[in-house]
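Only one structure is covered here, and it is reproduced in the block below.
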Amino acid sequence: MCGIVGYIGHRDAFPIIIKGLQRLEYRGYDSAGIALFDGSQINLVKTKGKVEDLRTKANSISQEGTIGIGHTRWATHGVPNDVNSHPHYSNSGDLVIIHNGIIENYESIKKELTKRGYNFTSDTDTEVLVNLIEEVKKTEDVKLGQAVQIALNQVVGAYAIAVFDRKKPDEIVVAKLGSPLAIGIGEEEFFIASDASPFIEFTNNAVYLEDEEMAIVRLGKEIKLRKIKNDAVAYPRILELQMNLEEIEKGGYDHFMLKEIYEQPRAIKDTYRGRLLADQGIIRMAGIDQNLEKFMNANRIIIVACGTSWHAGLVAEYIFEDLARIPVEVEYASEFRYRNPVITEKDVLIAISQSGETADTLAAIKLAKEKGAFVFGVCNVVGSSIARESDAGAYTHAGPEIGVASTKAFTTQITVLTLLALKLAKEKGTFSETKFHEFLTELETIPSKVERALEANPLIEIISDVYKDSTNCLYLGRGYNFPVALEGALKLKEISYIHAEGYPAAEMKHGPIALIDEHMPVFVIATKKGHYEKVVSNIQEIKSRKGKIIAIVTEGDEQVKELADHVIEVPETLESLSPLLTTIPLQLLSYHIAVMRGCNVDQPRNLAKSVTVE
């Protein structure tokens with residue numbers, strides 16, 4: 001969840017770390033801190049609040065030094081305040097640490113260290129860890145790297161850490177288990193971060209640590225990698241990053257979320273580029289082509305995901321069963337791993353995650369692999385943990401998604417899963433060649449249709465102003481658009497803090513209809529294809545109880561227009577592709593309502609972009 005940044009080299013560390021923390025604030029923004037080594041001492045400052053608050057407070061310390069570490073926090077142990085903010089000192093003041101993750105057995109370690117005379121000023125598990133490292137270093141009489149290794153073999157949990165020792169000022173020791181960690185490699189300099197965004201303008205070369213690996217990053221030396229468990233030598237694999245600086249800047253938009261909503265036509269096209277060859281009637285996906293038998297012989301597909309990715313998985317359930325006639329189960333990863341699920345070698349597990357680091361989804365992958373299932377990953381971040389843990393997979397090509405509320409990740413995940421379902425349907429012969437070509441041709445038009453859907457933005461802004469002060473909202477959809485209703489409600493909750501619920505439209509009369517009165521806005525997805533007449537009946541039920549109806553309809557619709565208080569039109573498409581269009585107005589509605597309510601759109605309270613802890 002938290003974001004960590006480190007630098008060791010020949011440049012001033014302070015501006016690099018501050019800029020890096022700003023780029024990682026999507027991972028957590030309860031508090032922030034920085035520690036700089038000026039050649040003789042560590043200068044540390046930290047504060048509750050955002051990185052901009054840290055920048056102001058940092059005027060109180062020396063900002064000199066070419067070595068430093070920084071942290072932006074999403075609180076797990078200890079409330080967000082100055083004391084619990086990272087970095088944390090050891091009792092001697094020699095060691096300083098930043099940490100993303102959770103040490104689950106910190107209480108027992110803390111009790112033992114307290115018996116040995118250690119004092120703790122914060123409520124965090126991280127302060128316990130840095131003092132454990134110090135105790136090992138002192139009692140075992142070992143160097144910092146060995147002390148980190150021994151200490152980490154005593155802890156239970158997840159971590160990405162960076163530790164600095166003022167008595168050894170030419171190195172930073174880093175380690176990873178469960179939480180992401182990248183090392184950027186420059187000319188006589190190294191960058192450490194939770195992802196590559198803090199150092200992309202300095203280098204395109206990076207090493208991503210594997211789980212249970214640690215590295216000593218030393219000035220003028222190559223990175224030394226070792227396995228934490230057994231001290232075996234590991235060999236770094238240097239990746240060339242495809243990200244560019246422009247992708248992680250706002251590009252003139254007021255918020256990253258709005259920028260990312262408008263990037264969807266390009267992101268969808270980039271995701272199917274090279275895979276969808278409509279004129280040739282071909283879908284080319286290496287992860288499928290090389291493992292086709294696994295899918296063709298599967299008894300069922302299990303999809304595991306969390307949040308928005310779970311909603312994409314629900315859309316995929318409809319697509320796989322409808323087109324390829326393969327049974328599908330969609331599971332919350334957090335529940336899947338704990339309910340002793342039945343998994344066999346005949347199952348295919350598809351794991352979906354924007355970041356590729358979601359802790360619960362990673363745990364579900366490991367469980368499935370232990371049972372012999374084939375694991376196919378769908379994620380956006382090259383080199384991420386899920387990409388590495390999966391047997392095969394497909395990247396979305398959404399580009400960096402900085403806004404905490406996911407938008408383009410959702411539509412690109414649906415794009416990849418649609419390609420996969422179509423390819424399997426073609427191989428299984430579950431629909432005709434003509435229908436297959438129709439799907440390919442229509443999918444190729446989706447980016448331009450998303451652009452047309454975005455043209456409704458001025459109208460959506462007007463509608464948003466009408467309902468910005470609502471306290472509750474309902475979202476209704478049927479079939480392929482039921483998951484879109486869930487996603488629309490989630491977006492509103494995430495960024496505007498308005499209570500909202502999504503339901504299958506037919507379920508309204510089984511309870512939620514009791515909530516409807518003249519103060520209840522109901523967002524209904526009522527496109528022409530897919531149970532249209534049934535949805536119209538549901539709208540009439542709402543209208544008869546004086547509910548306010550905001551309908552997402554197909555261009556040219558007249559019937560719903562007569563019933564609804566507001567209509568937002570989207571272009572016509574195939575029913576199975578309609579979620580790629582109907583989600584656009586709901587994203588924009590959530591965005592504008594949040595802005596009008598004065599909410600922090602890109603950094604909503606209590607949330608973080610990448611959930612790397614349970």
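We name chains A, B, ... following the order of the structure tokens; residues begin at 1 in each chain, and ligands are numbered from 1 as shown.
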Quiz item: Neighbours of region 490-493 of chain A within 10 Å (only C-alpha atoms; same-chain residues fewer than 5 positions away dropped), as an MDAnalysis selection string?
Solution: chainID A and resid 307:308 311 405:407 472:473 475 484:485 498:502 586:594 604
Self-check item: Thr441 (chain A) environment, 12 Å, only C-alpha atoms, sequence neighbours closer than 2 positions dropped, as a ChimeraX atom specification
Solution: /A:276-283,434-439,443-447,573-574,577
Include C-alpha atoms and write out the residues we just selected as a short mmCIF file (atom, residue, chain, number, x, y, z; two decimals), in the first residue's frame.
data_model
loop_
_atom_site.label_atom_id
_atom_site.label_comp_id
_atom_site.auth_asym_id
_atom_site.auth_seq_id
_atom_site.Cartn_x
_atom_site.Cartn_y
_atom_site.Cartn_z
CA LEU A 276 -6.82 -8.29 -33.06
CA LEU A 277 -6.42 -8.73 -36.83
CA ALA A 278 -10.01 -8.22 -37.90
CA ASP A 279 -9.37 -8.17 -41.65
CA GLN A 280 -7.66 -11.58 -41.40
CA GLY A 281 -10.11 -13.04 -38.88
CA ILE A 282 -7.31 -13.71 -36.40
CA ILE A 283 -6.77 -13.16 -32.69
CA THR A 434 -19.67 -15.02 -39.70
CA LYS A 435 -20.47 -14.19 -36.10
CA PHE A 436 -16.78 -14.35 -35.19
CA HIS A 437 -15.90 -11.80 -37.90
CA GLU A 438 -18.79 -9.60 -36.75
CA PHE A 439 -17.35 -9.53 -33.23
CA LEU A 443 -14.50 -4.63 -31.32
CA GLU A 444 -12.22 -2.67 -33.64
CA THR A 445 -14.78 0.18 -33.66
CA ILE A 446 -15.04 0.44 -29.87
CA PRO A 447 -12.32 3.13 -29.39
CA THR A 573 -22.86 -1.96 -30.17
CA LEU A 574 -23.12 -5.70 -29.54
CA LEU A 577 -19.31 -5.18 -25.83
#
Quiz item: So which residues touch Ile172 (chain A) within 10 Å, counting only C-alpha atoms, skipping near sequence neighbours fewer than 4 positions away, as a count of residues only?
Solution: 22
Quiz item: Residues of region 164-287 of chain A in strand (DSSP E) according to DSSP, as number ranges by chain?
Solution: A: 164-165, 171-177, 182-185, 190-193, 205-208, 213-218, 224-227, 233-234, 238-240, 276-277, 282-283
Prev. selection, N, CA and C atoms, output as a tab-separated table (two decimals), in the first residue's frame:
chain	number	residue	atom	x	y	z
A	164	PHE	N	19.10	1.97	5.95
A	164	PHE	CA	20.37	2.69	5.81
A	164	PHE	C	21.05	2.75	7.17
A	165	ASP	N	22.38	2.60	7.17
A	165	ASP	CA	23.20	2.64	8.38
A	165	ASP	C	24.18	3.81	8.24
A	171	GLU	N	25.91	2.49	1.19
A	171	GLU	CA	25.01	1.43	0.75
A	171	GLU	C	23.63	1.56	1.39
A	172	ILE	N	22.65	1.01	0.67
A	172	ILE	CA	21.30	0.84	1.19
A	172	ILE	C	20.94	-0.62	0.99
A	173	VAL	N	20.38	-1.25	2.01
A	173	VAL	CA	19.96	-2.64	1.93
A	173	VAL	C	18.45	-2.67	1.72
A	174	VAL	N	18.01	-3.43	0.72
A	174	VAL	CA	16.58	-3.53	0.42
A	174	VAL	C	16.18	-4.99	0.41
A	175	ALA	N	14.88	-5.25	0.64
A	175	ALA	CA	14.39	-6.63	0.64
A	175	ALA	C	12.90	-6.62	0.33
A	176	LYS	N	12.41	-7.76	-0.14
A	176	LYS	CA	11.02	-7.86	-0.60
A	176	LYS	C	10.40	-9.20	-0.26
A	177	LEU	N	9.15	-9.13	0.20
A	177	LEU	CA	8.28	-10.30	0.30
A	177	LEU	C	6.84	-9.80	0.22
A	182	ALA	N	11.29	-2.05	-6.86
A	182	ALA	CA	12.09	-1.92	-8.09
A	182	ALA	C	13.36	-1.14	-7.79
A	183	ILE	N	14.44	-1.50	-8.48
A	183	ILE	CA	15.71	-0.78	-8.37
A	183	ILE	C	16.07	-0.25	-9.75
A	184	GLY	N	16.12	1.07	-9.87
A	184	GLY	CA	16.54	1.69	-11.13
A	184	GLY	C	18.05	1.80	-11.18
A	185	ILE	N	18.62	1.47	-12.33
A	185	ILE	CA	20.07	1.42	-12.48
A	185	ILE	C	20.51	2.54	-13.43
A	190	PHE	N	21.83	4.64	-8.10
A	190	PHE	CA	20.73	3.68	-8.00
A	190	PHE	C	19.50	4.38	-7.42
A	191	PHE	N	18.35	3.93	-7.88
A	191	PHE	CA	17.08	4.44	-7.41
A	191	PHE	C	16.29	3.25	-6.86
A	192	ILE	N	15.59	3.47	-5.77
A	192	ILE	CA	14.78	2.43	-5.13
A	192	ILE	C	13.35	2.95	-5.04
A	193	ALA	N	12.37	2.15	-5.43
A	193	ALA	CA	11.00	2.63	-5.38
A	193	ALA	C	10.01	1.47	-5.44
A	205	ASN	N	16.31	1.41	-17.13
A	205	ASN	CA	16.76	0.07	-16.73
A	205	ASN	C	16.40	-0.18	-15.26
A	206	ALA	N	15.77	-1.31	-15.03
A	206	ALA	CA	15.34	-1.61	-13.66
A	206	ALA	C	15.42	-3.10	-13.37
A	207	VAL	N	15.61	-3.41	-12.11
A	207	VAL	CA	15.56	-4.77	-11.59
A	207	VAL	C	14.38	-4.84	-10.63
A	208	TYR	N	13.50	-5.82	-10.83
A	208	TYR	CA	12.39	-6.05	-9.90
A	208	TYR	C	12.75	-7.23	-9.01
A	213	GLU	N	13.81	-12.05	-1.75
A	213	GLU	CA	15.13	-11.62	-2.22
A	213	GLU	C	15.49	-10.31	-1.52
A	214	MET	N	16.78	-10.14	-1.31
A	214	MET	CA	17.31	-8.89	-0.78
A	214	MET	C	18.48	-8.45	-1.65
A	215	ALA	N	18.76	-7.17	-1.59
A	215	ALA	CA	19.85	-6.64	-2.40
A	215	ALA	C	20.63	-5.61	-1.59
A	216	ILE	N	21.92	-5.59	-1.83
A	216	ILE	CA	22.76	-4.52	-1.29
A	216	ILE	C	23.10	-3.60	-2.45
A	217	VAL	N	22.64	-2.37	-2.33
A	217	VAL	CA	22.82	-1.37	-3.38
A	217	VAL	C	23.95	-0.46	-2.91
A	218	ARG	N	25.11	-0.58	-3.54
A	218	ARG	CA	26.32	0.09	-3.05
A	218	ARG	C	26.92	0.99	-4.12
A	224	LYS	N	24.15	-6.55	-5.52
A	224	LYS	CA	24.35	-7.91	-5.03
A	224	LYS	C	23.01	-8.44	-4.52
A	225	LEU	N	22.52	-9.51	-5.13
A	225	LEU	CA	21.24	-10.12	-4.76
A	225	LEU	C	21.48	-11.44	-4.05
A	226	ARG	N	20.68	-11.67	-2.99
A	226	ARG	CA	20.76	-12.94	-2.28
A	226	ARG	C	19.36	-13.36	-1.86
A	227	LYS	N	19.19	-14.67	-1.70
A	227	LYS	CA	17.94	-15.21	-1.18
A	227	LYS	C	17.92	-15.06	0.34
A	233	VAL	N	23.05	-17.07	-3.75
A	233	VAL	CA	23.24	-15.94	-4.67
A	233	VAL	C	22.11	-15.93	-5.69
A	234	ALA	N	21.55	-14.75	-5.94
A	234	ALA	CA	20.55	-14.57	-6.99
A	234	ALA	C	21.12	-13.62	-8.03
A	238	ILE	N	17.85	-7.48	-15.61
A	238	ILE	CA	17.59	-6.06	-15.88
A	238	ILE	C	16.56	-5.94	-17.00
A	239	LEU	N	15.46	-5.24	-16.71
A	239	LEU	CA	14.39	-5.02	-17.68
A	239	LEU	C	14.50	-3.61	-18.23
A	240	GLU	N	14.16	-3.47	-19.50
A	240	GLU	CA	14.09	-2.14	-20.11
A	240	GLU	C	12.64	-1.67	-20.02
A	276	LEU	N	-5.59	-8.24	-32.29
A	276	LEU	CA	-6.82	-8.29	-33.06
A	276	LEU	C	-6.53	-7.95	-34.52
A	277	LEU	N	-6.63	-8.93	-35.40
A	277	LEU	CA	-6.42	-8.73	-36.83
A	277	LEU	C	-7.75	-9.02	-37.52
A	282	ILE	N	-8.29	-13.07	-37.30
A	282	ILE	CA	-7.31	-13.71	-36.40
A	282	ILE	C	-7.24	-12.96	-35.08
A	283	ILE	N	-7.17	-13.70	-33.99
A	283	ILE	CA	-6.77	-13.16	-32.69
A	283	ILE	C	-5.47	-13.86	-32.30
Self-check item: 12 Å contact set for Ser537 (chain A), only C-alpha atoms, chain neighbours under 2 positions out, as a PyMOL selection string
Solution: chain A and resi 505-506+508-509+524+526+531-535+539-544+559-560+563
Practice problem: Any chance you could list, as a PyMOL selection string, the residues in region 4-90 of chain A that come up helix (DSSP H, G or I) when DSSP is run on the backbone? | Solution: chain A and resi 13-23+25-27+51-60
Pull N, CA, C and O atoms from the residues just selected and write them as a JSON list (two decimals), in the first residue's frame.
[["chain", "number", "residue", "atom", "x", "y", "z"],
["A", 13, "ALA", "N", 19.80, 14.22, -3.39],
["A", 13, "ALA", "CA", 18.76, 13.21, -3.17],
["A", 13, "ALA", "C", 17.40, 13.83, -2.90],
["A", 13, "ALA", "O", 16.37, 13.27, -3.28],
["A", 14, "PHE", "N", 17.36, 15.00, -2.24],
["A", 14, "PHE", "CA", 16.10, 15.56, -1.77],
["A", 14, "PHE", "C", 15.08, 15.76, -2.90],
["A", 14, "PHE", "O", 13.95, 15.27, -2.80],
["A", 15, "PRO", "N", 15.41, 16.48, -3.97],
["A", 15, "PRO", "CA", 14.37, 16.69, -5.01],
["A", 15, "PRO", "C", 13.92, 15.40, -5.69],
["A", 15, "PRO", "O", 12.77, 15.27, -6.08],
["A", 16, "ILE", "N", 14.84, 14.44, -5.82],
["A", 16, "ILE", "CA", 14.48, 13.16, -6.43],
["A", 16, "ILE", "C", 13.47, 12.42, -5.56],
["A", 16, "ILE", "O", 12.47, 11.88, -6.05],
["A", 17, "ILE", "N", 13.72, 12.41, -4.26],
["A", 17, "ILE", "CA", 12.85, 11.67, -3.34],
["A", 17, "ILE", "C", 11.50, 12.36, -3.21],
["A", 17, "ILE", "O", 10.45, 11.69, -3.24],
["A", 18, "ILE", "N", 11.49, 13.68, -3.09],
["A", 18, "ILE", "CA", 10.21, 14.39, -2.98],
["A", 18, "ILE", "C", 9.36, 14.17, -4.22],
["A", 18, "ILE", "O", 8.16, 13.86, -4.14],
["A", 19, "LYS", "N", 9.97, 14.33, -5.39],
["A", 19, "LYS", "CA", 9.22, 14.11, -6.64],
["A", 19, "LYS", "C", 8.74, 12.66, -6.72],
["A", 19, "LYS", "O", 7.61, 12.39, -7.14],
["A", 20, "GLY", "N", 9.59, 11.73, -6.32],
["A", 20, "GLY", "CA", 9.21, 10.32, -6.34],
["A", 20, "GLY", "C", 8.04, 10.04, -5.41],
["A", 20, "GLY", "O", 7.12, 9.30, -5.76],
["A", 21, "LEU", "N", 8.04, 10.65, -4.23],
["A", 21, "LEU", "CA", 6.94, 10.46, -3.29],
["A", 21, "LEU", "C", 5.64, 11.03, -3.85],
["A", 21, "LEU", "O", 4.57, 10.44, -3.66],
["A", 22, "GLN", "N", 5.72, 12.15, -4.54],
["A", 22, "GLN", "CA", 4.51, 12.72, -5.14],
["A", 22, "GLN", "C", 3.93, 11.76, -6.18],
["A", 22, "GLN", "O", 2.70, 11.62, -6.29],
["A", 23, "ARG", "N", 4.78, 11.09, -6.92],
["A", 23, "ARG", "CA", 4.31, 10.15, -7.92],
["A", 23, "ARG", "C", 3.77, 8.86, -7.30],
["A", 23, "ARG", "O", 3.01, 8.14, -7.94],
["A", 25, "GLU", "N", 2.12, 8.87, -4.34],
["A", 25, "GLU", "CA", 1.08, 9.19, -3.35],
["A", 25, "GLU", "C", -0.19, 8.40, -3.57],
["A", 25, "GLU", "O", -0.99, 8.23, -2.65],
["A", 26, "TYR", "N", -0.38, 7.90, -4.80],
["A", 26, "TYR", "CA", -1.57, 7.08, -5.04],
["A", 26, "TYR", "C", -1.55, 5.81, -4.19],
["A", 26, "TYR", "O", -2.58, 5.18, -3.96],
["A", 27, "ARG", "N", -0.38, 5.44, -3.67],
["A", 27, "ARG", "CA", -0.26, 4.23, -2.87],
["A", 27, "ARG", "C", -0.63, 4.47, -1.40],
["A", 27, "ARG", "O", -0.77, 3.51, -0.64],
["A", 51, "VAL", "N", 2.51, 14.78, 0.80],
["A", 51, "VAL", "CA", 3.91, 15.05, 0.49],
["A", 51, "VAL", "C", 4.17, 16.55, 0.42],
["A", 51, "VAL", "O", 5.26, 17.03, 0.78],
["A", 52, "GLU", "N", 3.17, 17.32, -0.04],
["A", 52, "GLU", "CA", 3.35, 18.77, -0.09],
["A", 52, "GLU", "C", 3.56, 19.34, 1.31],
["A", 52, "GLU", "O", 4.33, 20.28, 1.51],
["A", 53, "ASP", "N", 2.89, 18.76, 2.31],
["A", 53, "ASP", "CA", 3.11, 19.17, 3.70],
["A", 53, "ASP", "C", 4.53, 18.82, 4.14],
["A", 53, "ASP", "O", 5.16, 19.58, 4.88],
["A", 54, "LEU", "N", 5.01, 17.66, 3.68],
["A", 54, "LEU", "CA", 6.38, 17.26, 4.00],
["A", 54, "LEU", "C", 7.39, 18.23, 3.38],
["A", 54, "LEU", "O", 8.37, 18.62, 4.03],
["A", 55, "ARG", "N", 7.15, 18.61, 2.13],
["A", 55, "ARG", "CA", 8.07, 19.54, 1.46],
["A", 55, "ARG", "C", 8.22, 20.84, 2.28],
["A", 55, "ARG", "O", 9.32, 21.36, 2.46],
["A", 56, "THR", "N", 7.08, 21.33, 2.77],
["A", 56, "THR", "CA", 7.11, 22.56, 3.57],
["A", 56, "THR", "C", 7.86, 22.34, 4.88],
["A", 56, "THR", "O", 8.72, 23.15, 5.26],
["A", 57, "LYS", "N", 7.56, 21.24, 5.54],
["A", 57, "LYS", "CA", 8.19, 20.97, 6.85],
["A", 57, "LYS", "C", 9.67, 20.69, 6.70],
["A", 57, "LYS", "O", 10.46, 20.92, 7.63],
["A", 58, "ALA", "N", 10.10, 20.19, 5.52],
["A", 58, "ALA", "CA", 11.51, 19.85, 5.30],
["A", 58, "ALA", "C", 12.41, 21.07, 5.28],
["A", 58, "ALA", "O", 13.64, 20.94, 5.32],
["A", 59, "ASN", "N", 11.83, 22.26, 5.23],
["A", 59, "ASN", "CA", 12.65, 23.47, 5.31],
["A", 59, "ASN", "C", 13.33, 23.60, 6.67],
["A", 59, "ASN", "O", 14.26, 24.40, 6.82],
["A", 60, "SER", "N", 12.89, 22.80, 7.63],
["A", 60, "SER", "CA", 13.45, 22.87, 8.98],
["A", 60, "SER", "C", 14.73, 22.04, 9.13],
["A", 60, "SER", "O", 15.37, 22.09, 10.18]]
Quiz item: Near Arg597 (chain A), counting only C-alpha atoms, which residues have an atom at most 9 Å away, once you skip same-chain residues fewer than 6 positions from it, shown as an MDAnalysis selection string?
Solution: chainID A and resid 468:469 496
Practice problem: Using only C-alpha atoms, pick whichever of A:Val466, A:Thr430, A:Pro579, A:His519 has the shortest atom-to-atom distance to Leu486 (chain A). | Solution: A:Pro579
So that each row is one residue of region 383-495 of chain A with an atom at most 12 Å from region 264-270 of chain A, can you give its shortest atom pair and the distance in Å to one decimal, using only C-alpha atoms, rows by chain and rising number, as JSON lines?
{"residue": "A:Tyr395", "atom": "CA", "partner": "A:Asp270", "partner_atom": "CA", "distance": 10.6}
{"residue": "A:Thr396", "atom": "CA", "partner": "A:Asp270", "partner_atom": "CA", "distance": 8.2}
{"residue": "A:His397", "atom": "CA", "partner": "A:Asp270", "partner_atom": "CA", "distance": 5.7}
{"residue": "A:Ala398", "atom": "CA", "partner": "A:Ala267", "partner_atom": "CA", "distance": 4.6}
{"residue": "A:Gly399", "atom": "CA", "partner": "A:Ala267", "partner_atom": "CA", "distance": 7.2}
{"residue": "A:Pro400", "atom": "CA", "partner": "A:Ala267", "partner_atom": "CA", "distance": 10.3}
{"residue": "A:Glu401", "atom": "CA", "partner": "A:Ala267", "partner_atom": "CA", "distance": 10.8}
{"residue": "A:Ser406", "atom": "CA", "partner": "A:Gln264", "partner_atom": "CA", "distance": 11.4}
{"residue": "A:Thr407", "atom": "CA", "partner": "A:Gln264", "partner_atom": "CA", "distance": 8.1}
{"residue": "A:Lys408", "atom": "CA", "partner": "A:Gln264", "partner_atom": "CA", "distance": 5.4}
{"residue": "A:Ala409", "atom": "CA", "partner": "A:Ala267", "partner_atom": "CA", "distance": 8.7}
{"residue": "A:Phe410", "atom": "CA", "partner": "A:Gln264", "partner_atom": "CA", "distance": 9.6}
{"residue": "A:Thr411", "atom": "CA", "partner": "A:Ile268", "partner_atom": "CA", "distance": 6.9}
{"residue": "A:Thr412", "atom": "CA", "partner": "A:Ile268", "partner_atom": "CA", "distance": 5.4}
{"residue": "A:Gln413", "atom": "CA", "partner": "A:Ile268", "partner_atom": "CA", "distance": 9.0}
{"residue": "A:Ile414", "atom": "CA", "partner": "A:Ile268", "partner_atom": "CA", "distance": 9.2}
{"residue": "A:Thr415", "atom": "CA", "partner": "A:Ile268", "partner_atom": "CA", "distance": 6.7}
{"residue": "A:Val416", "atom": "CA", "partner": "A:Ile268", "partner_atom": "CA", "distance": 8.9}
{"residue": "A:Leu417", "atom": "CA", "partner": "A:Ile268", "partner_atom": "CA", "distance": 11.9}
{"residue": "A:Thr418", "atom": "CA", "partner": "A:Ile268", "partner_atom": "CA", "distance": 11.5}
{"residue": "A:Leu419", "atom": "CA", "partner": "A:Ile268", "partner_atom": "CA", "distance": 11.5}
{"residue": "A:Leu443", "atom": "CA", "partner": "A:Lys269", "partner_atom": "CA", "distance": 9.4}
{"residue": "A:Glu444", "atom": "CA", "partner": "A:Lys269", "partner_atom": "CA", "distance": 7.8}
{"residue": "A:Thr445", "atom": "CA", "partner": "A:Lys269", "partner_atom": "CA", "distance": 9.3}
{"residue": "A:Ile446", "atom": "CA", "partner": "A:Pro265", "partner_atom": "CA", "distance": 7.6}
{"residue": "A:Pro447", "atom": "CA", "partner": "A:Pro265", "partner_atom": "CA", "distance": 4.2}
{"residue": "A:Ser448", "atom": "CA", "partner": "A:Pro265", "partner_atom": "CA", "distance": 6.6}
{"residue": "A:Lys449", "atom": "CA", "partner": "A:Pro265", "partner_atom": "CA", "distance": 8.2}
{"residue": "A:Val450", "atom": "CA", "partner": "A:Pro265", "partner_atom": "CA", "distance": 5.9}
{"residue": "A:Glu451", "atom": "CA", "partner": "A:Pro265", "partner_atom": "CA", "distance": 6.3}
{"residue": "A:Arg452", "atom": "CA", "partner": "A:Pro265", "partner_atom": "CA", "distance": 9.8}
{"residue": "A:Ala453", "atom": "CA", "partner": "A:Pro265", "partner_atom": "CA", "distance": 10.2}
{"residue": "A:Leu454", "atom": "CA", "partner": "A:Pro265", "partner_atom": "CA", "distance": 9.6}
